[in-house]
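final_14.csv (CSV, C-alpha atoms and all ligand atoms)
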```
chain,number,residue,atom,x,y,z
Z,1,MET,CA,0.0,0.0,0.0
Z,2,ASN,CA,1.5,3.3,-0.9
Z,3,THR,CA,1.5,6.4,1.4
Z,4,ALA,CA,-1.2,8.2,-0.6
Z,5,THR,CA,-3.6,5.2,-0.3
Z,6,GLN,CA,-2.8,4.9,3.4
Z,7,LYS,CA,-3.7,8.5,4.1
Z,8,THR,CA,-7.1,8.3,2.5
Z,9,THR,CA,-8.1,5.1,4.4
Z,10,ILE,CA,-10.9,5.7,6.8
Z,11,ILE,CA,-10.6,3.6,10.0
Z,12,ASN,CA,-14.1,2.5,11.1
Z,13,LEU,CA,-14.7,3.0,14.8
Z,14,ASP,CA,-18.5,3.0,14.7
Z,15,ASP,CA,-18.9,-0.2,16.6
Z,16,VAL,CA,-15.7,-0.1,18.6
Z,17,GLN,CA,-15.9,0.5,22.3
Z,18,PRO,CA,-13.3,2.9,23.7
Z,19,PHE,CA,-11.0,1.3,26.3
Z,20,GLY,CA,-10.4,4.7,27.9
Z,21,MET,CA,-12.0,8.0,28.2
Z,22,GLY,CA,-10.6,11.3,29.6
Z,23,GLY,CA,-12.3,14.7,29.9
Z,24,ARG,CA,-11.6,15.5,26.3
Z,25,ARG,CA,-10.8,12.3,24.4
Z,26,LEU,CA,-11.9,8.7,23.7
Z,27,CYS,CA,-9.2,6.1,23.3
Z,28,PHE,CA,-9.6,3.1,21.0
Z,29,VAL,CA,-7.4,0.1,20.3
Z,30,HIS,CA,-6.4,0.5,16.7
Z,31,PRO,CA,-8.5,-2.1,14.9
Z,32,GLU,CA,-5.6,-3.0,12.6
Z,33,ASN,CA,-2.7,-2.8,15.0
Z,34,PRO,CA,-3.1,-3.9,18.7
Z,35,SER,CA,0.1,-2.2,19.8
Z,36,ARG,CA,-1.4,1.2,18.8
Z,37,CYS,CA,-4.3,3.3,20.0
Z,38,ILE,CA,-6.3,6.1,18.4
Z,39,LYS,CA,-7.5,9.1,20.3
Z,40,VAL,CA,-10.5,11.0,19.1
Z,41,LEU,CA,-11.8,14.3,20.6
Z,42,ARG,CA,-15.0,14.0,22.4
Z,43,THR,CA,-17.9,16.0,21.0
Z,44,ASP,CA,-20.5,15.1,23.7
Z,45,GLU,CA,-22.0,17.7,26.1
Z,46,ASN,CA,-20.1,16.5,29.1
Z,47,ARG,CA,-16.6,16.9,27.7
Z,48,VAL,CA,-14.2,19.3,29.3
Z,49,ILE,CA,-13.3,22.3,27.2
Z,50,ARG,CA,-10.0,24.0,27.9
Z,51,TRP,CA,-9.2,27.3,26.3
Z,52,ARG,CA,-5.8,28.0,24.8
Z,53,LYS,CA,-3.6,30.2,27.0
Z,54,SER,CA,-3.4,33.4,25.0
Z,55,LYS,CA,-3.8,37.2,25.1
Z,56,ILE,CA,-6.5,37.0,22.4
Z,57,PRO,CA,-10.0,37.9,23.7
Z,58,ALA,CA,-12.1,34.8,24.5
Z,59,LYS,CA,-14.6,35.3,21.7
Z,60,TRP,CA,-11.9,34.9,19.0
Z,61,ARG,CA,-10.0,32.0,20.7
Z,62,ARG,CA,-10.1,28.5,19.5
Z,63,ALA,CA,-10.7,25.7,22.0
Z,64,TYR,CA,-7.6,23.9,22.9
Z,65,ASP,CA,-7.1,20.8,20.8
Z,66,ASN,CA,-5.5,18.1,22.8
Z,67,ASN,CA,-4.6,16.0,19.8
Z,68,ALA,CA,-2.9,18.8,17.9
Z,69,HIS,CA,-0.9,19.8,21.0
Z,70,GLU,CA,0.1,16.2,22.0
Z,71,LYS,CA,1.2,15.4,18.4
Z,72,LYS,CA,3.4,18.5,18.4
Z,73,GLU,CA,4.9,17.8,21.9
Z,74,LEU,CA,5.6,14.1,21.1
Z,75,GLU,CA,7.2,15.0,17.7
Z,76,ARG,CA,9.4,17.5,19.5
Z,77,LEU,CA,10.4,14.8,22.0
Z,78,TYR,CA,11.2,12.4,19.1
Z,79,ARG,CA,13.4,15.0,17.4
Z,80,LYS,CA,15.2,15.5,20.7
Z,81,LEU,CA,15.6,11.9,21.9
Z,82,GLY,CA,14.9,9.6,19.0
Z,83,ASP,CA,13.9,6.1,20.0
Z,84,GLU,CA,15.0,6.8,23.6
Z,85,MET,CA,11.7,8.6,24.1
Z,86,SER,CA,9.9,5.2,23.9
Z,87,ARG,CA,11.2,4.3,27.4
Z,88,HIS,CA,8.6,6.6,28.9
Z,89,PHE,CA,6.4,8.1,26.2
Z,90,PRO,CA,4.2,6.8,23.4
Z,91,ARG,CA,5.4,7.7,19.9
Z,92,SER,CA,3.0,9.7,17.7
Z,93,TYR,CA,2.3,8.3,14.2
Z,94,GLY,CA,0.3,11.3,13.2
Z,95,MET,CA,-3.3,12.1,12.4
Z,96,ILE,CA,-5.5,9.6,10.7
Z,97,THR,CA,-9.1,9.7,9.5
Z,98,THR,CA,-11.7,7.7,11.4
Z,99,SER,CA,-15.4,7.3,10.9
Z,100,ILE,CA,-16.0,9.4,14.0
Z,101,GLY,CA,-13.6,12.2,13.3
Z,102,PRO,CA,-9.8,12.9,13.1
Z,103,GLY,CA,-7.8,10.6,15.3
Z,104,LEU,CA,-4.2,10.7,16.7
Z,105,GLU,CA,-2.4,7.4,16.3
Z,106,LEU,CA,-0.1,6.5,19.2
Z,107,ASP,CA,1.7,3.6,20.9
Z,108,LEU,CA,-0.6,1.7,23.2
Z,109,MET,CA,0.9,0.6,26.5
Z,110,ARG,CA,0.4,-3.0,27.6
Z,111,ASP,CA,1.6,-5.3,30.3
Z,112,ASP,CA,3.6,-8.4,29.6
Z,113,ASP,CA,0.4,-10.5,29.7
Z,114,GLY,CA,-1.1,-8.4,26.9
Z,115,LEU,CA,-3.6,-6.4,28.9
Z,116,ILE,CA,-3.7,-2.7,28.5
Z,117,SER,CA,-1.7,-1.0,31.2
Z,118,LYS,CA,-3.6,0.8,33.9
Z,119,ASP,CA,-3.2,4.4,35.0
Z,120,ILE,CA,-2.0,5.2,38.5
Z,121,ARG,CA,-5.4,6.6,39.5
Z,122,SER,CA,-7.2,3.3,38.7
Z,123,LEU,CA,-4.5,1.3,40.4
Z,124,LEU,CA,-4.6,3.4,43.6
Z,125,LEU,CA,-8.4,3.4,43.7
Z,126,ALA,CA,-8.4,-0.4,43.4
Z,127,GLY,CA,-6.2,-0.5,46.5
Z,128,TYR,CA,-2.8,-0.9,44.9
Z,129,PRO,CA,-0.1,0.0,47.4
Z,130,LEU,CA,1.5,3.3,46.5
Z,131,ALA,CA,4.9,2.4,48.0
Z,132,GLN,CA,5.3,-0.2,45.2
Z,133,LEU,CA,5.3,2.6,42.6
Z,134,ARG,CA,8.1,4.6,44.3
Z,135,ASP,CA,11.0,3.0,42.4
Z,136,VAL,CA,9.4,3.2,38.9
Z,137,PHE,CA,8.2,6.8,39.7
Z,138,ASN,CA,11.7,7.8,40.6
Z,139,GLN,CA,13.1,6.2,37.4
Z,140,PHE,CA,10.5,8.2,35.4
Z,141,GLY,CA,11.5,11.4,37.3
Z,142,GLU,CA,15.2,10.7,36.6
Z,143,PHE,CA,14.4,10.4,32.9
Z,144,LEU,CA,12.5,13.7,32.9
Z,145,LEU,CA,15.4,15.4,34.7
Z,146,ARG,CA,18.1,13.9,32.6
Z,147,HIS,CA,16.5,15.2,29.4
Z,148,ARG,CA,14.8,18.2,31.0
Z,149,ILE,CA,11.4,17.2,29.7
Z,150,LEU,CA,8.8,19.7,30.7
Z,151,THR,CA,5.3,18.6,31.5
Z,152,ARG,CA,2.0,19.9,32.9
Z,153,ASN,CA,1.1,18.7,36.3
Z,154,LEU,CA,1.8,15.0,36.5
Z,155,LEU,CA,-1.8,13.7,37.0
Z,156,ASP,CA,-2.4,10.2,38.2
Z,157,HIS,CA,-4.8,9.4,35.3
Z,158,ASN,CA,-2.2,10.5,32.7
Z,159,LEU,CA,0.5,8.1,33.9
Z,160,VAL,CA,0.2,4.4,33.2
Z,161,VAL,CA,2.2,1.6,34.8
Z,162,SER,CA,3.3,-1.2,32.6
Z,163,MET,CA,3.6,-4.5,34.6
Z,164,ARG,CA,6.0,-7.4,34.1
Z,165,ASP,CA,5.7,-10.6,36.1
Z,166,GLY,CA,3.0,-8.8,38.1
Z,167,LYS,CA,5.4,-6.0,39.2
Z,168,PRO,CA,5.6,-2.4,38.2
Z,169,TYR,CA,8.1,-2.2,35.3
Z,170,ARG,CA,7.9,1.2,33.9
Z,171,ILE,CA,5.8,4.4,34.0
Z,172,TYR,CA,4.6,6.0,30.7
Z,173,MET,CA,3.2,9.4,30.4
Z,174,ILE,CA,0.3,9.2,28.0
Z,175,ASP,CA,-1.1,12.8,28.3
Z,176,GLY,CA,-0.1,16.2,29.7
Z,177,MET,CA,3.3,16.8,27.9
Z,178,GLY,CA,4.7,20.2,27.4
Z,179,ASP,CA,5.1,23.3,29.5
Z,180,PRO,CA,1.8,25.3,29.8
Z,181,ALA,CA,3.6,28.5,30.7
Z,182,TRP,CA,2.8,31.3,28.3
Z,183,LEU,CA,6.4,32.4,28.2
Z,184,PRO,CA,8.5,29.2,28.1
Z,185,LEU,CA,11.3,30.4,30.4
Z,186,ALA,CA,11.8,26.9,31.8
Z,187,ARG,CA,12.6,25.7,28.3
Z,188,TRP,CA,15.1,28.4,27.6
Z,189,ILE,CA,16.9,28.5,31.0
Z,190,PRO,CA,18.1,25.0,32.0
Z,191,ALA,CA,18.2,25.6,35.8
Z,192,LEU,CA,14.6,26.8,35.7
Z,193,GLY,CA,13.6,23.7,33.7
Z,194,THR,CA,15.3,21.4,36.2
Z,195,GLU,CA,13.6,23.1,39.1
Z,196,LYS,CA,10.2,22.8,37.4
Z,197,VAL,CA,10.6,19.1,36.8
Z,198,LYS,CA,11.5,18.5,40.5
Z,199,ARG,CA,8.5,20.5,41.6
Z,200,ARG,CA,6.2,18.5,39.3
Z,201,MET,CA,7.5,15.3,40.8
Z,202,LYS,CA,7.1,16.4,44.4
Z,203,THR,CA,3.6,17.7,43.9
Z,204,ALA,CA,2.6,14.5,42.0
Z,205,TRP,CA,3.7,12.2,44.8
Z,206,THR,CA,1.8,14.2,47.4
Z,207,ARG,CA,-1.3,14.0,45.2
Z,208,PHE,CA,-0.8,10.2,44.8
Z,209,GLN,CA,-0.7,9.9,48.6
Z,210,ILE,CA,-4.0,11.8,48.9
Z,211,ARG,CA,-5.5,9.6,46.3
Z,212,SER,CA,-4.2,6.5,48.1
Z,213,ALA,CA,-5.8,7.7,51.3
Z,214,GLU,CA,-9.1,8.3,49.5
Z,215,LYS,CA,-9.3,4.6,48.8
Z,216,SER,CA,-9.0,3.7,52.5
Z,217,VAL,CA,-11.9,6.0,53.7
P,301,LIG,N1,-1.3,5.0,25.3
P,301,LIG,C1,-2.1,4.5,26.3
P,301,LIG,N2,-1.8,3.4,26.9
P,301,LIG,C2,-2.6,2.9,27.8
P,301,LIG,N3,-3.7,3.6,28.3
P,301,LIG,C3,-4.0,4.8,27.8
P,301,LIG,C4,-3.2,5.3,26.7
P,301,LIG,N4,-3.7,6.5,26.4
P,301,LIG,C5,-4.8,6.7,27.2
P,301,LIG,N5,-5.0,5.7,28.0
P,301,LIG,C6,-6.1,5.5,29.0
P,301,LIG,O1,-7.2,6.3,28.6
P,301,LIG,C7,-7.5,7.4,29.5
P,301,LIG,C8,-7.9,8.7,28.8
P,301,LIG,O2,-6.8,9.1,27.9
P,301,LIG,P1,-6.3,10.6,27.8
P,301,LIG,O3,-5.7,11.0,29.1
P,301,LIG,O4,-5.4,10.6,26.6
P,301,LIG,O5,-7.6,11.4,27.6
P,301,LIG,P2,-7.9,13.0,27.8
P,301,LIG,O6,-9.3,13.2,27.5
P,301,LIG,O7,-6.9,13.7,27.0
P,301,LIG,O8,-7.6,13.1,29.3
P,301,LIG,P3,-7.8,14.4,30.3
P,301,LIG,O9,-9.0,14.2,31.1
P,301,LIG,O10,-6.6,14.3,31.2
P,301,LIG,O11,-7.7,15.6,29.5
P,301,LIG,C9,-6.2,7.6,30.4
P,301,LIG,O12,-6.5,8.1,31.6
P,301,LIG,C10,-5.7,6.1,30.4
P,301,LIG,O13,-6.3,5.4,31.4
P,302,MG,MG,-5.7,12.5,30.3
```
Rewrite the structure from the file as structure tokens, please.
Amino acid sequence: MNTATQKTTIINLDDVQPFGMGGRRLCFVHPENPSRCIKVLRTDENRVIRWRKSKIPAKWRRAYDNNAHEKKELERLYRKLGDEMSRHFPRSYGMITTSIGPGLELDLMRDDDGLISKDIRSLLLAGYPLAQLRDVFNQFGEFLLRHRILTRNLLDHNLVVSMRDGKPYRIYMIDGMGDPAWLPLARWIPALGTEKVKRRMKTAWTRFQIRSAEKSV
């Protein structure tokens, strides 16, 4: 199949159940490739709409497009790190056409038994002991620091834990990449970038502890 043909193929998601849903997107297993997923923007009434940070008055602003932003950030990471990025991030394979709208094609994280990896929020709410995530979370943090990768807040539902032999093996960030600051000082000034990554890690762990406690009440 040549590239031109591939681009015009429409992936049918009409009867496919999403395996995941966030405030803004539905996530589907790619019907033709079980190691990839497709994220499609939600259009229902209950979706969360975030507005782009900008000085432009609200009435002229476009709603923030998660897929466009994530594609850009993941491509930036690939240019910077190459295949090394796959240790903790999905790769983006670009936008495709689906029967329910434009979709972003990405790596899908799975455990060694083939099941789709769970996010930290689901694990904690199911009673998974937070202490068992400390090592993999530290490794993830070291990776962010080593490459000074800036992120939004590290939210528990945007980090998935891939399991091997029933034990946490690696954390992957599947949403929330990039620095939301309007003026990207942390990207330009290394010391600020490092500080920001450390702050994100600390805040995240505190939030995980709160989430973990929620489970026990
Ligand atoms: N690549 C992936 N591998 C495994 N699970 C995933 C992957 N991508 C998404 N998920 C699951 O689907 C859920 C929703 O995905 P995602 O965070 O991309 O949606 P969103 O609408 O952008 O989220 P938010 O509410 O944070 O804006 C995640 O919380 C996670 O449980
Ligand atoms: Mg999310």
Residue nearest ligand MG 302 (chain P) among Z:Glu75, Z:Glu214, Z:Asp179, Z:Asp119 (counting all atoms listed in the file): Z:Asp119
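If you count only C-alpha atoms and ignore residues fewer than 5 places along the chain from Leu41 of chain Z, what sits within 10 Å of it is Met21, Gly22, Gly23, Arg24, Arg25, Leu26, Cys27, Arg47, Asp65, Asn66, Asn67, Ile100, Gly101, Pro102, Gly103 and Leu104 of chain Z.
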Exercise: Leu13 of chain Z partners within 12 Å, only C-alpha atoms, chain neighbours under 3 positions left out, as a PyMOL selection string: chain Z and resi 10+16-18+26-32+37-40+97-103
Within-6 Å residues of ligand MG 302 (chain P), basis all atoms listed in the file, as a ChimeraX atom specification: /Z:22,157-158,175
Length of the atom CA of Pro34 of chain Z to atom CA of Gly178 of chain Z vector [Å]: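 One can read the atom CA of Pro34 of chain Z to atom CA of Gly178 of chain Z distance as 26.8 Å.
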Just want the 12 Å neighbourhood of Glu73 of chain Z, counted on all atoms listed in the file, with same-chain residues fewer than 6 positions away dropped. Output as a CSV table (one decimal) with C-alpha atoms, in the frame of the given file.
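Writing done, so here's selection34.csv:
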```
chain,number,residue,atom,x,y,z
Z,66,ASN,CA,-5.5,18.1,22.8
Z,67,ASN,CA,-4.6,16.0,19.8
Z,79,ARG,CA,13.4,15.0,17.4
Z,80,LYS,CA,15.2,15.5,20.7
Z,85,MET,CA,11.7,8.6,24.1
Z,89,PHE,CA,6.4,8.1,26.2
Z,90,PRO,CA,4.2,6.8,23.4
Z,91,ARG,CA,5.4,7.7,19.9
Z,92,SER,CA,3.0,9.7,17.7
Z,94,GLY,CA,0.3,11.3,13.2
Z,149,ILE,CA,11.4,17.2,29.7
Z,150,LEU,CA,8.8,19.7,30.7
Z,151,THR,CA,5.3,18.6,31.5
Z,152,ARG,CA,2.0,19.9,32.9
Z,174,ILE,CA,0.3,9.2,28.0
Z,175,ASP,CA,-1.1,12.8,28.3
Z,176,GLY,CA,-0.1,16.2,29.7
Z,177,MET,CA,3.3,16.8,27.9
Z,178,GLY,CA,4.7,20.2,27.4
Z,179,ASP,CA,5.1,23.3,29.5
Z,180,PRO,CA,1.8,25.3,29.8
```
Among listed residues Z:Asp14, Z:Glu45, Z:Asp135, Z:Asp156, nearest ligand LIG 301 (chain P) (using all atoms listed in the file): Z:Asp156
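Taking only C-alpha atoms, the non-local environment of Leu185 of chain Z within 12 Å (same-chain residues fewer than 5 positions away omitted) comprises Z:Leu150, Z:Asp179, Z:Pro180, Z:Pro190, Z:Ala191, Z:Leu192, Z:Gly193, Z:Thr194, Z:Glu195, Z:Lys196.
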Of the listed residues Z:Ile11, Z:Leu133, Z:Ala68, Z:Ile49, that which approaches Leu159 of chain Z most closely, counting only C-alpha atoms: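 Among Z:Ile11, Z:Leu133, Z:Ala68, Z:Ile49, it is Z:Leu133 that comes nearest to Leu159 of chain Z.
With distances restricted to only C-alpha atoms, Z:Tyr93 is the closest residue to Lys71 of chain Z from Z:Met173, Z:Tyr93, Z:Lys215, Z:Val136.
The space separating atom CA of Ser122 of chain Z from atom CA of Glu70 of chain Z comes to 22.3 Å.
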Nearby residues (all atoms listed in the file) at most 9 Å from Arg211 of chain Z, same-chain spacing under 5 positions excluded, as a ChimeraX atom specification: /Z:121,124-125,156,206
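Coordinates place atom O3 of ligand LIG 301 (chain P) at a distance of 9.8 Å from atom CA of Val160 of chain Z.
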From Z:Ser162, Z:Leu108, Z:Tyr64, Z:Arg200, residue lying nearest Asn33 of chain Z [only C-alpha atoms]: Z:Leu108
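Distance check against Val197 of chain Z using only C-alpha atoms: of Z:Leu154, Z:Ala213, Z:Ile120, Z:Ala181, the minimum falls on Z:Leu154.
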